[in-house]
file data.pdb (PDB, C-alpha atoms)
ATOM      1  CA  MET A  30     -46.878  80.175   5.482  1.00  0.00           C
ATOM      2  CA  THR A  31     -48.937  80.444   2.303  1.00  0.00           C
ATOM      3  CA  ARG A  32     -46.695  79.973  -0.697  1.00  0.00           C
ATOM      4  CA  HIS A  33     -47.632  82.160  -3.633  1.00  0.00           C
ATOM      5  CA  ILE A  34     -46.655  81.043  -7.129  1.00  0.00           C
ATOM      6  CA  ILE A  35     -44.307  83.069  -9.305  1.00  0.00           C
ATOM      7  CA  ALA A  36     -44.222  81.986 -12.953  1.00  0.00           C
ATOM      8  CA  LEU A  37     -40.857  82.417 -14.659  1.00  0.00           C
ATOM      9  CA  ASP A  38     -39.900  82.257 -18.304  1.00  0.00           C
ATOM     10  CA  ALA A  39     -36.766  80.198 -18.998  1.00  0.00           C
ATOM     11  CA  ASP A  40     -34.774  81.504 -21.971  1.00  0.00           C
ATOM     12  CA  GLY A  41     -33.657  85.059 -21.328  1.00  0.00           C
ATOM     13  CA  VAL A  42     -34.817  85.058 -17.694  1.00  0.00           C
ATOM     14  CA  LEU A  43     -33.387  81.908 -16.091  1.00  0.00           C
ATOM     15  CA  LEU A  44     -31.238  80.456 -18.861  1.00  0.00           C
ATOM     16  CA  ASP A  45     -28.744  81.896 -21.326  1.00  0.00           C
ATOM     17  CA  TYR A  46     -30.199  80.596 -24.579  1.00  0.00           C
ATOM     18  CA  SER A  47     -28.140  83.044 -26.640  1.00  0.00           C
ATOM     19  CA  THR A  48     -24.862  81.532 -25.452  1.00  0.00           C
ATOM     20  CA  ALA A  49     -26.222  78.027 -25.977  1.00  0.00           C
ATOM     21  CA  TYR A  50     -27.223  79.023 -29.512  1.00  0.00           C
ATOM     22  CA  GLY A  51     -23.596  79.778 -30.310  1.00  0.00           C
ATOM     23  CA  SER A  52     -22.576  76.362 -28.989  1.00  0.00           C
ATOM     24  CA  ALA A  53     -25.243  74.680 -31.125  1.00  0.00           C
ATOM     25  CA  TRP A  54     -23.874  76.478 -34.167  1.00  0.00           C
ATOM     26  CA  ALA A  55     -20.411  75.154 -33.359  1.00  0.00           C
ATOM     27  CA  SER A  56     -21.796  71.615 -33.011  1.00  0.00           C
ATOM     28  CA  ALA A  57     -23.540  71.860 -36.366  1.00  0.00           C
ATOM     29  CA  PHE A  58     -20.784  73.474 -38.411  1.00  0.00           C
ATOM     30  CA  GLY A  59     -17.552  72.750 -36.561  1.00  0.00           C
ATOM     31  CA  GLU A  60     -16.631  76.344 -35.755  1.00  0.00           C
ATOM     32  CA  HIS A  61     -17.909  78.632 -33.017  1.00  0.00           C
ATOM     33  CA  PRO A  62     -19.272  81.918 -34.399  1.00  0.00           C
ATOM     34  CA  VAL A  63     -17.498  85.152 -33.474  1.00  0.00           C
ATOM     35  CA  GLU A  64     -19.541  87.457 -31.276  1.00  0.00           C
ATOM     36  CA  HIS A  65     -20.767  90.382 -33.370  1.00  0.00           C
ATOM     37  CA  ASP A  66     -22.993  92.368 -30.965  1.00  0.00           C
ATOM     38  CA  PRO A  67     -23.130  91.402 -27.261  1.00  0.00           C
ATOM     39  CA  ALA A  68     -26.063  93.809 -26.766  1.00  0.00           C
ATOM     40  CA  ALA A  69     -28.226  92.122 -29.433  1.00  0.00           C
ATOM     41  CA  TYR A  70     -31.577  90.729 -28.300  1.00  0.00           C
ATOM     42  CA  TRP A  71     -31.726  87.960 -30.916  1.00  0.00           C
ATOM     43  CA  PRO A  72     -29.007  85.254 -30.986  1.00  0.00           C
ATOM     44  CA  MET A  73     -28.595  85.505 -34.768  1.00  0.00           C
ATOM     45  CA  ASP A  74     -27.706  89.177 -34.385  1.00  0.00           C
ATOM     46  CA  ARG A  75     -25.420  88.575 -31.418  1.00  0.00           C
ATOM     47  CA  TRP A  76     -23.366  86.060 -33.368  1.00  0.00           C
ATOM     48  CA  GLY A  77     -23.774  87.672 -36.775  1.00  0.00           C
ATOM     49  CA  VAL A  78     -24.592  84.347 -38.419  1.00  0.00           C
ATOM     50  CA  ASP A  79     -26.372  83.765 -41.703  1.00  0.00           C
ATOM     51  CA  ARG A  80     -30.068  82.996 -41.983  1.00  0.00           C
ATOM     52  CA  LEU A  81     -30.168  79.331 -42.929  1.00  0.00           C
ATOM     53  CA  SER A  82     -32.324  77.352 -45.310  1.00  0.00           C
ATOM     54  CA  GLY A  83     -32.493  73.880 -46.778  1.00  0.00           C
ATOM     55  CA  GLN A  84     -30.074  71.217 -45.583  1.00  0.00           C
ATOM     56  CA  ARG A  85     -27.994  73.606 -43.493  1.00  0.00           C
ATOM     57  CA  LEU A  86     -31.096  74.686 -41.582  1.00  0.00           C
ATOM     58  CA  GLU A  87     -32.104  71.077 -40.964  1.00  0.00           C
ATOM     59  CA  ARG A  88     -28.574  70.281 -39.809  1.00  0.00           C
ATOM     60  CA  PHE A  89     -28.688  73.162 -37.334  1.00  0.00           C
ATOM     61  CA  ARG A  90     -32.178  72.329 -36.074  1.00  0.00           C
ATOM     62  CA  ALA A  91     -31.082  68.754 -35.379  1.00  0.00           C
ATOM     63  CA  CYS A  92     -28.727  70.120 -32.704  1.00  0.00           C
ATOM     64  CA  PHE A  93     -31.694  71.360 -30.645  1.00  0.00           C
ATOM     65  CA  ASP A  94     -32.422  67.956 -29.155  1.00  0.00           C
ATOM     66  CA  ALA A  95     -33.096  66.777 -25.594  1.00  0.00           C
ATOM     67  CA  ALA A  96     -29.383  66.926 -24.768  1.00  0.00           C
ATOM     68  CA  PHE A  97     -29.269  70.583 -25.850  1.00  0.00           C
ATOM     69  CA  TRP A  98     -32.317  71.574 -23.797  1.00  0.00           C
ATOM     70  CA  ALA A  99     -30.903  69.791 -20.738  1.00  0.00           C
ATOM     71  CA  ALA A 100     -27.649  71.768 -20.830  1.00  0.00           C
ATOM     72  CA  VAL A 101     -28.423  75.471 -21.348  1.00  0.00           C
ATOM     73  CA  PRO A 102     -26.312  77.573 -18.933  1.00  0.00           C
ATOM     74  CA  ALA A 103     -27.827  79.801 -16.269  1.00  0.00           C
ATOM     75  CA  ILE A 104     -27.925  83.564 -16.597  1.00  0.00           C
ATOM     76  CA  ASP A 105     -25.627  85.245 -14.097  1.00  0.00           C
ATOM     77  CA  GLY A 106     -27.453  85.878 -10.842  1.00  0.00           C
ATOM     78  CA  ALA A 107     -30.609  83.964 -11.795  1.00  0.00           C
ATOM     79  CA  ILE A 108     -30.040  80.957  -9.512  1.00  0.00           C
ATOM     80  CA  GLU A 109     -29.401  83.193  -6.519  1.00  0.00           C
ATOM     81  CA  ALA A 110     -32.467  85.299  -7.333  1.00  0.00           C
ATOM     82  CA  CYS A 111     -34.651  82.189  -7.448  1.00  0.00           C
ATOM     83  CA  HIS A 112     -33.372  81.041  -4.060  1.00  0.00           C
ATOM     84  CA  GLN A 113     -34.198  84.457  -2.628  1.00  0.00           C
ATOM     85  CA  LEU A 114     -37.743  84.220  -3.973  1.00  0.00           C
ATOM     86  CA  HIS A 115     -38.106  80.625  -2.789  1.00  0.00           C
ATOM     87  CA  ASP A 116     -36.786  81.471   0.686  1.00  0.00           C
ATOM     88  CA  GLY A 117     -39.164  84.438   0.719  1.00  0.00           C
ATOM     89  CA  GLY A 118     -42.132  82.087   0.582  1.00  0.00           C
ATOM     90  CA  HIS A 119     -42.770  81.648  -3.134  1.00  0.00           C
ATOM     91  CA  GLU A 120     -43.252  78.534  -5.210  1.00  0.00           C
ATOM     92  CA  LEU A 121     -41.474  78.934  -8.542  1.00  0.00           C
ATOM     93  CA  VAL A 122     -42.918  77.445 -11.726  1.00  0.00           C
ATOM     94  CA  CYS A 123     -41.142  77.659 -15.063  1.00  0.00           C
ATOM     95  CA  VAL A 124     -43.506  78.508 -17.939  1.00  0.00           C
ATOM     96  CA  SER A 125     -41.573  78.056 -21.156  1.00  0.00           C
ATOM     97  CA  ALA A 126     -42.507  78.418 -24.841  1.00  0.00           C
ATOM     98  CA  LEU A 127     -40.782  75.122 -25.556  1.00  0.00           C
ATOM     99  CA  ASP A 128     -42.052  72.084 -27.427  1.00  0.00           C
ATOM    100  CA  PRO A 129     -43.663  69.868 -24.753  1.00  0.00           C
ATOM    101  CA  THR A 130     -41.455  67.020 -26.014  1.00  0.00           C
ATOM    102  CA  TYR A 131     -38.585  68.666 -24.150  1.00  0.00           C
ATOM    103  CA  GLU A 132     -40.389  69.540 -20.919  1.00  0.00           C
ATOM    104  CA  ARG A 133     -38.520  66.908 -18.900  1.00  0.00           C
ATOM    105  CA  ALA A 134     -35.183  67.969 -20.387  1.00  0.00           C
ATOM    106  CA  ARG A 135     -35.863  71.568 -19.342  1.00  0.00           C
ATOM    107  CA  LEU A 136     -36.723  70.510 -15.792  1.00  0.00           C
ATOM    108  CA  LYS A 137     -33.556  68.388 -15.644  1.00  0.00           C
ATOM    109  CA  ASN A 138     -31.543  71.399 -16.818  1.00  0.00           C
ATOM    110  CA  LEU A 139     -32.959  73.612 -14.082  1.00  0.00           C
ATOM    111  CA  ARG A 140     -32.528  71.026 -11.336  1.00  0.00           C
ATOM    112  CA  VAL A 141     -28.921  70.187 -12.296  1.00  0.00           C
ATOM    113  CA  LEU A 142     -28.033  73.887 -12.223  1.00  0.00           C
ATOM    114  CA  GLY A 143     -29.492  74.204  -8.716  1.00  0.00           C
ATOM    115  CA  PHE A 144     -32.656  76.198  -9.378  1.00  0.00           C
ATOM    116  CA  PRO A 145     -35.312  75.617  -6.667  1.00  0.00           C
ATOM    117  CA  ILE A 146     -37.899  74.757  -9.335  1.00  0.00           C
ATOM    118  CA  GLU A 147     -39.856  71.509  -9.367  1.00  0.00           C
ATOM    119  CA  ARG A 148     -42.333  72.186 -12.151  1.00  0.00           C
ATOM    120  CA  VAL A 149     -42.066  73.154 -15.815  1.00  0.00           C
ATOM    121  CA  LEU A 150     -44.976  73.926 -18.120  1.00  0.00           C
ATOM    122  CA  ALA A 151     -43.869  73.735 -21.752  1.00  0.00           C
ATOM    123  CA  THR A 152     -46.499  75.569 -23.783  1.00  0.00           C
ATOM    124  CA  GLY A 153     -45.163  75.411 -27.329  1.00  0.00           C
ATOM    125  CA  THR A 154     -45.408  78.456 -29.591  1.00  0.00           C
ATOM    126  CA  LEU A 155     -48.713  78.056 -31.430  1.00  0.00           C
ATOM    127  CA  ALA A 156     -49.803  81.500 -32.635  1.00  0.00           C
ATOM    128  CA  SER A 157     -53.231  82.634 -31.440  1.00  0.00           C
ATOM    129  CA  ALA A 158     -54.988  85.725 -30.148  1.00  0.00           C
ATOM    130  CA  VAL A 159     -54.158  84.593 -26.605  1.00  0.00           C
ATOM    131  CA  ARG A 160     -50.564  83.523 -26.150  1.00  0.00           C
ATOM    132  CA  PRO A 161     -50.017  79.893 -25.035  1.00  0.00           C
ATOM    133  CA  LYS A 162     -48.269  81.117 -21.899  1.00  0.00           C
ATOM    134  CA  ALA A 163     -51.343  83.148 -20.936  1.00  0.00           C
ATOM    135  CA  GLN A 164     -53.417  79.987 -21.160  1.00  0.00           C
ATOM    136  CA  ALA A 165     -50.969  78.185 -18.868  1.00  0.00           C
ATOM    137  CA  LEU A 166     -51.127  81.044 -16.387  1.00  0.00           C
ATOM    138  CA  GLN A 167     -54.900  80.656 -16.222  1.00  0.00           C
ATOM    139  CA  SER A 168     -54.363  77.173 -14.808  1.00  0.00           C
ATOM    140  CA  ILE A 169     -51.827  78.056 -12.114  1.00  0.00           C
ATOM    141  CA  GLN A 170     -52.937  81.620 -11.202  1.00  0.00           C
ATOM    142  CA  PRO A 171     -49.550  82.963 -10.107  1.00  0.00           C
ATOM    143  CA  ALA A 172     -49.016  86.147  -8.143  1.00  0.00           C
ATOM    144  CA  ALA A 173     -46.506  87.288 -10.778  1.00  0.00           C
ATOM    145  CA  PHE A 174     -45.292  86.325 -14.237  1.00  0.00           C
ATOM    146  CA  VAL A 175     -41.755  87.245 -15.346  1.00  0.00           C
ATOM    147  CA  ASP A 176     -40.813  87.150 -19.043  1.00  0.00           C
ATOM    148  CA  ASP A 177     -38.375  88.868 -21.407  1.00  0.00           C
ATOM    149  CA  TYR A 178     -40.627  88.927 -24.507  1.00  0.00           C
ATOM    150  CA  LEU A 179     -43.348  91.580 -24.486  1.00  0.00           C
ATOM    151  CA  PRO A 180     -45.880  89.745 -26.729  1.00  0.00           C
ATOM    152  CA  ASN A 181     -46.076  86.942 -24.152  1.00  0.00           C
ATOM    153  CA  PHE A 182     -48.030  89.262 -21.864  1.00  0.00           C
ATOM    154  CA  ARG A 183     -51.021  89.342 -24.198  1.00  0.00           C
ATOM    155  CA  GLY A 184     -53.972  87.814 -22.386  1.00  0.00           C
ATOM    156  CA  VAL A 185     -52.274  87.416 -19.014  1.00  0.00           C
ATOM    157  CA  PRO A 186     -55.042  87.017 -16.406  1.00  0.00           C
ATOM    158  CA  SER A 187     -56.035  90.103 -14.461  1.00  0.00           C
ATOM    159  CA  GLY A 188     -54.583  90.055 -10.987  1.00  0.00           C
ATOM    160  CA  VAL A 189     -51.258  88.607 -12.156  1.00  0.00           C
ATOM    161  CA  HIS A 190     -48.366  91.032 -11.812  1.00  0.00           C
ATOM    162  CA  ALA A 191     -46.678  91.219 -15.232  1.00  0.00           C
ATOM    163  CA  ALA A 192     -42.930  91.828 -14.916  1.00  0.00           C
ATOM    164  CA  LEU A 193     -40.868  92.428 -18.057  1.00  0.00           C
ATOM    165  CA  ILE A 194     -37.133  91.770 -18.168  1.00  0.00           C
ATOM    166  CA  LEU A 195     -35.506  94.413 -20.377  1.00  0.00           C
ATOM    167  CA  ARG A 196     -32.341  92.564 -21.321  1.00  0.00           C
ATOM    168  CA  GLN A 197     -30.083  93.205 -24.341  1.00  0.00           C
ATOM    169  CA  PRO A 198     -31.622  96.263 -26.087  1.00  0.00           C
ATOM    170  CA  ASN A 199     -30.418  96.073 -29.692  1.00  0.00           C
ATOM    171  CA  GLY A 200     -33.270  94.860 -31.879  1.00  0.00           C
ATOM    172  CA  SER A 201     -35.454  94.233 -28.834  1.00  0.00           C
ATOM    173  CA  PRO A 202     -39.203  93.759 -29.401  1.00  0.00           C
ATOM    174  CA  ASN A 203     -39.858  95.164 -25.935  1.00  0.00           C
ATOM    175  CA  SER A 204     -41.134  98.586 -26.923  1.00  0.00           C
ATOM    176  CA  GLY A 205     -44.248 100.314 -28.137  1.00  0.00           C
ATOM    177  CA  PRO A 206     -47.868 100.512 -26.955  1.00  0.00           C
ATOM    178  CA  GLU A 207     -47.882  96.962 -25.528  1.00  0.00           C
ATOM    179  CA  LEU A 208     -45.661  98.151 -22.703  1.00  0.00           C
ATOM    180  CA  ASP A 209     -48.975  99.122 -21.126  1.00  0.00           C
ATOM    181  CA  LEU A 210     -49.526  95.378 -20.591  1.00  0.00           C
ATOM    182  CA  VAL A 211     -46.794  95.192 -17.940  1.00  0.00           C
ATOM    183  CA  HIS A 212     -46.761  96.420 -14.372  1.00  0.00           C
ATOM    184  CA  SER A 213     -42.994  96.604 -13.837  1.00  0.00           C
ATOM    185  CA  ARG A 214     -39.746  96.492 -15.812  1.00  0.00           C
ATOM    186  CA  HIS A 215     -36.393  95.147 -14.656  1.00  0.00           C
ATOM    187  CA  THR A 216     -32.878  94.711 -15.982  1.00  0.00           C
ATOM    188  CA  ASP A 217     -32.774  91.051 -14.926  1.00  0.00           C
ATOM    189  CA  LEU A 218     -34.352  88.506 -12.583  1.00  0.00           C
ATOM    190  CA  ALA A 219     -32.162  89.589  -9.678  1.00  0.00           C
ATOM    191  CA  ALA A 220     -33.555  93.117  -9.943  1.00  0.00           C
ATOM    192  CA  PHE A 221     -37.120  91.772 -10.036  1.00  0.00           C
ATOM    193  CA  ALA A 222     -36.516  89.551  -6.993  1.00  0.00           C
ATOM    194  CA  SER A 223     -35.077  92.408  -4.970  1.00  0.00           C
ATOM    195  CA  GLU A 224     -37.960  94.769  -5.764  1.00  0.00           C
ATOM    196  CA  TRP A 225     -40.646  92.111  -5.375  1.00  0.00           C
ATOM    197  CA  LEU A 226     -39.429  90.944  -1.979  1.00  0.00           C
ATOM    198  CA  ARG A 227     -39.164  94.541  -0.747  1.00  0.00           C
ATOM    199  CA  ALA A 228     -42.714  95.245  -1.848  1.00  0.00           C
ATOM    200  CA  THR A 229     -44.233  92.071  -0.437  1.00  0.00           C
TER     201      THR A 229
END

call {"tool": "encode", "arguments": {"input": "data.pdb", "output": "structure tokens"}}
result
Amino acid sequence: MTRHIIALDADGVLLDYSTAYGSAWASAFGEHPVEHDPAAYWPMDRWGVDRLSGQRLERFRACFDAAFWAAVPAIDGAIEACHQLHDGGHELVCVSALDPTYERARLKNLRVLGFPIERVLATGTLASAVRPKAQALQSIQPAAFVDDYLPNFRGVPSGVHAALILRQPNGSPNSGPELDLVHSRHTDLAAFASEWLRAT
């Protein structure tokens, strides 16, 4: 059986970064923030926390170390969806806008949680006309690319199915003319997996 590659974003598709963000806040400041808006796209809005600067910002950033990136919880249903895709004949590659320093921590996180993923490409977030993830996709030529952030579809190679996860809607950037960049939209990875496997 020929195994086609499916490229998957991590935070917001596989992993619950928003929940982990709240835990990092608790580690930095000794008190877990109270959830303000569970339907918020951005973690700051979900937890209703202040925008930081100076020493408090540095203190918070210090919590996002290798241990943090190795322990982000899975999104409900994502592990099962990945096993369905894997069992359906697909090789899964995580393409994450993470500092490459933490690439191994991200892979460890996925493997410990039980995701059938053996490869992580950490692209960083350098701003350019072509998104870093699009450049990574050029190298692996997947059949599909699944992400929850619409701007990441800029420059995706032709022939790659672009699947957008439309998660928490409040404040979401996933609207406007760039929706023309995507081929399908889904509530979560489980919905994508179900539709993709039916179609293929």

call {"tool": "closest_residue", "arguments": {"input": "data.pdb", "among": "A:Leu81, A:Ala100, A:Ala36, A:Cys92", "to": "A:Gln167", "atoms": "only C-alpha atoms"}}
result
A:Ala36

call {"tool": "atom_distance", "arguments": {"input": "data.pdb", "atom1": "atom CA of A:Ser125", "atom2": "atom CA of A:Ala151"}}
result
4.9 Å

call {"tool": "resolve_selection", "arguments": {"input": "data.pdb", "expression": "the PyMOL selection byres ((chain A and resi 204) around 12)", "output": "list in words"}}
result
Asp177, Tyr178, Leu179, Pro180, Leu193, Ile194, Leu195, Pro198, Asn199, Gly200, Ser201, Pro202, Asn203, Gly205, Pro206, Glu207, Leu208, Asp209, Leu210, Val211 and Arg214 of chain A

call {"tool": "residues_around", "arguments": {"input": "data.pdb", "residues": "A:Asp116", "least_positions_apart": "5", "cutoff": "12 Å", "atoms": "all atoms listed in the file", "output": "PyMOL selection string"}}
result
chain A and resi 30+32-33+109-111+121+145+222+226

call {"tool": "atom_distance", "arguments": {"input": "data.pdb", "atom1": "atom CA of A:Gly77", "atom2": "atom CA of A:Arg90"}}
result
17.5 Å

call {"tool": "atom_distance", "arguments": {"input": "data.pdb", "atom1": "atom CA of A:Asp40", "atom2": "atom CA of A:Asp176"}}
result
8.8 Å

call {"tool": "residues_around", "arguments": {"input": "data.pdb", "residues": "A:Arg148", "least_positions_apart": "3", "cutoff": "9 Å", "atoms": "only C-alpha atoms", "output": "list of chain:residue names"}}
result
A:Leu121, A:Val122, A:Cys123, A:Val124, A:Leu136

call {"tool": "axis_aligned_box", "arguments": {"input": "data.pdb", "around": "stretch 122-141 of chain A", "padding_each_side": "3 Å", "output": "lines of an AutoDock Vina configuration file"}}
result
center_x = -36.3
center_y = 72.7
center_z = -19.4
size_x = 20.7
size_y = 17.6
size_z = 22.1

call {"tool": "resolve_selection", "arguments": {"input": "data.pdb", "expression": "the PyMOL selection byres ((chain A and resi 65) around 8)", "output": "list of chain:residue names"}}
result
A:Val63, A:Glu64, A:Asp66, A:Pro67, A:Asp74, A:Arg75, A:Trp76, A:Gly77

call {"tool": "residues_around", "arguments": {"input": "data.pdb", "residues": "A:Leu142", "least_positions_apart": "6", "cutoff": "8 Å", "atoms": "all atoms listed in the file", "output": "ChimeraX atom specification"}}
result
/A:102-103,108

call {"tool": "resolve_selection", "arguments": {"input": "data.pdb", "expression": "the PyMOL selection byres ((chain A and resi 96) around 12)", "output": "PDB file with C-alpha atoms, in the coordinates of the input"}}
result
ATOM      1  CA  ALA A  49     -26.222  78.027 -25.977  1.00  0.00           C
ATOM      2  CA  ALA A  53     -25.243  74.680 -31.125  1.00  0.00           C
ATOM      3  CA  ALA A  91     -31.082  68.754 -35.379  1.00  0.00           C
ATOM      4  CA  CYS A  92     -28.727  70.120 -32.704  1.00  0.00           C
ATOM      5  CA  PHE A  93     -31.694  71.360 -30.645  1.00  0.00           C
ATOM      6  CA  ASP A  94     -32.422  67.956 -29.155  1.00  0.00           C
ATOM      7  CA  ALA A  95     -33.096  66.777 -25.594  1.00  0.00           C
ATOM      8  CA  PHE A  97     -29.269  70.583 -25.850  1.00  0.00           C
ATOM      9  CA  TRP A  98     -32.317  71.574 -23.797  1.00  0.00           C
ATOM     10  CA  ALA A  99     -30.903  69.791 -20.738  1.00  0.00           C
ATOM     11  CA  ALA A 100     -27.649  71.768 -20.830  1.00  0.00           C
ATOM     12  CA  VAL A 101     -28.423  75.471 -21.348  1.00  0.00           C
ATOM     13  CA  TYR A 131     -38.585  68.666 -24.150  1.00  0.00           C
ATOM     14  CA  GLU A 132     -40.389  69.540 -20.919  1.00  0.00           C
ATOM     15  CA  ARG A 133     -38.520  66.908 -18.900  1.00  0.00           C
ATOM     16  CA  ALA A 134     -35.183  67.969 -20.387  1.00  0.00           C
ATOM     17  CA  ARG A 135     -35.863  71.568 -19.342  1.00  0.00           C
ATOM     18  CA  LYS A 137     -33.556  68.388 -15.644  1.00  0.00           C
ATOM     19  CA  ASN A 138     -31.543  71.399 -16.818  1.00  0.00           C
TER      20      ASN A 138
END

call {"tool": "closest_residue", "arguments": {"input": "data.pdb", "among": "A:Glu147, A:Gly153, A:Val78, A:Ala220", "to": "A:Ala165", "atoms": "all atoms listed in the file"}}
result
A:Gly153

call {"tool": "closest_residue", "arguments": {"input": "data.pdb", "among": "A:Ile104, A:Ala192, A:Ala68, A:Ile34", "to": "A:Tyr46", "atoms": "all atoms listed in the file"}}
result
A:Ile104

call {"tool": "closest_residue", "arguments": {"input": "data.pdb", "among": "A:Met73, A:Val141, A:Leu150, A:Val175", "to": "A:Leu37", "atoms": "all atoms listed in the file"}}
result
A:Val175

call {"tool": "residues_around", "arguments": {"input": "data.pdb", "residues": "A:Ser187", "least_positions_apart": "2", "cutoff": "12 Å", "atoms": "all atoms listed in the file", "output": "list in words"}}
result
Ala163, Leu166, Gln167, Gln170, Pro171, Ala172, Ala173, Phe174, Phe182, Arg183, Gly184, Val185, Val189, His190, Ala191, Leu210, Val211 and His212 of chain A

call {"tool": "write_last_selection", "arguments": {"input": "data.pdb", "atoms": "C-alpha atoms", "output": "PDB file, in the frame of the given file"}}
result
ATOM      1  CA  ALA A 163     -51.343  83.148 -20.936  1.00  0.00           C
ATOM      2  CA  LEU A 166     -51.127  81.044 -16.387  1.00  0.00           C
ATOM      3  CA  GLN A 167     -54.900  80.656 -16.222  1.00  0.00           C
ATOM      4  CA  GLN A 170     -52.937  81.620 -11.202  1.00  0.00           C
ATOM      5  CA  PRO A 171     -49.550  82.963 -10.107  1.00  0.00           C
ATOM      6  CA  ALA A 172     -49.016  86.147  -8.143  1.00  0.00           C
ATOM      7  CA  ALA A 173     -46.506  87.288 -10.778  1.00  0.00           C
ATOM      8  CA  PHE A 174     -45.292  86.325 -14.237  1.00  0.00           C
ATOM      9  CA  PHE A 182     -48.030  89.262 -21.864  1.00  0.00           C
ATOM     10  CA  ARG A 183     -51.021  89.342 -24.198  1.00  0.00           C
ATOM     11  CA  GLY A 184     -53.972  87.814 -22.386  1.00  0.00           C
ATOM     12  CA  VAL A 185     -52.274  87.416 -19.014  1.00  0.00           C
ATOM     13  CA  VAL A 189     -51.258  88.607 -12.156  1.00  0.00           C
ATOM     14  CA  HIS A 190     -48.366  91.032 -11.812  1.00  0.00           C
ATOM     15  CA  ALA A 191     -46.678  91.219 -15.232  1.00  0.00           C
ATOM     16  CA  LEU A 210     -49.526  95.378 -20.591  1.00  0.00           C
ATOM     17  CA  VAL A 211     -46.794  95.192 -17.940  1.00  0.00           C
ATOM     18  CA  HIS A 212     -46.761  96.420 -14.372  1.00  0.00           C
TER      19      HIS A 212
END

call {"tool": "closest_residue", "arguments": {"input": "data.pdb", "among": "A:Thr229, A:Gly188, A:Gln164, A:Ile146", "to": "A:Ala39", "atoms": "all atoms listed in the file"}}
result
A:Ile146

call {"tool": "build_atoms", "arguments": {"input": "data.pdb", "residues": "stretch 204-219 of chain A", "atoms": "N, CA and C atoms", "output": "CSV table (one decimal), keeping the file's coordinate frame"}}
result
chain,number,residue,atom,x,y,z
A,204,SER,N,-40.9,97.1,-26.8
A,204,SER,CA,-41.1,98.6,-26.9
A,204,SER,C,-42.5,98.8,-27.6
A,205,GLY,N,-43.0,100.0,-27.5
A,205,GLY,CA,-44.2,100.3,-28.1
A,205,GLY,C,-45.4,100.3,-27.2
A,206,PRO,N,-46.6,100.4,-27.8
A,206,PRO,CA,-47.9,100.5,-27.0
A,206,PRO,C,-48.1,99.3,-26.0
A,207,GLU,N,-47.6,98.1,-26.4
A,207,GLU,CA,-47.9,97.0,-25.5
A,207,GLU,C,-47.1,97.0,-24.2
A,208,LEU,N,-46.3,98.0,-24.0
A,208,LEU,CA,-45.7,98.2,-22.7
A,208,LEU,C,-46.7,98.4,-21.6
A,209,ASP,N,-47.9,98.9,-22.1
A,209,ASP,CA,-49.0,99.1,-21.1
A,209,ASP,C,-49.5,97.8,-20.5
A,210,LEU,N,-49.1,96.7,-21.1
A,210,LEU,CA,-49.5,95.4,-20.6
A,210,LEU,C,-48.8,95.0,-19.3
A,211,VAL,N,-47.6,95.6,-19.1
A,211,VAL,CA,-46.8,95.2,-17.9
A,211,VAL,C,-46.9,96.2,-16.8
A,212,HIS,N,-46.7,95.6,-15.6
A,212,HIS,CA,-46.8,96.4,-14.4
A,212,HIS,C,-45.4,96.9,-13.9
A,213,SER,N,-44.3,96.2,-14.3
A,213,SER,CA,-43.0,96.6,-13.8
A,213,SER,C,-42.0,96.1,-14.9
A,214,ARG,N,-40.8,96.8,-14.9
A,214,ARG,CA,-39.7,96.5,-15.8
A,214,ARG,C,-38.4,96.4,-15.0
A,215,HIS,N,-37.6,95.4,-15.4
A,215,HIS,CA,-36.4,95.1,-14.7
A,215,HIS,C,-35.3,94.8,-15.6
A,216,THR,N,-34.0,95.0,-15.2
A,216,THR,CA,-32.9,94.7,-16.0
A,216,THR,C,-32.6,93.2,-16.0
A,217,ASP,N,-33.0,92.5,-15.0
A,217,ASP,CA,-32.8,91.1,-14.9
A,217,ASP,C,-33.6,90.5,-13.8
A,218,LEU,N,-33.5,89.2,-13.6
A,218,LEU,CA,-34.4,88.5,-12.6
A,218,LEU,C,-33.9,88.9,-11.2
A,219,ALA,N,-32.6,89.2,-11.0
A,219,ALA,CA,-32.2,89.6,-9.7
A,219,ALA,C,-32.8,90.9,-9.3
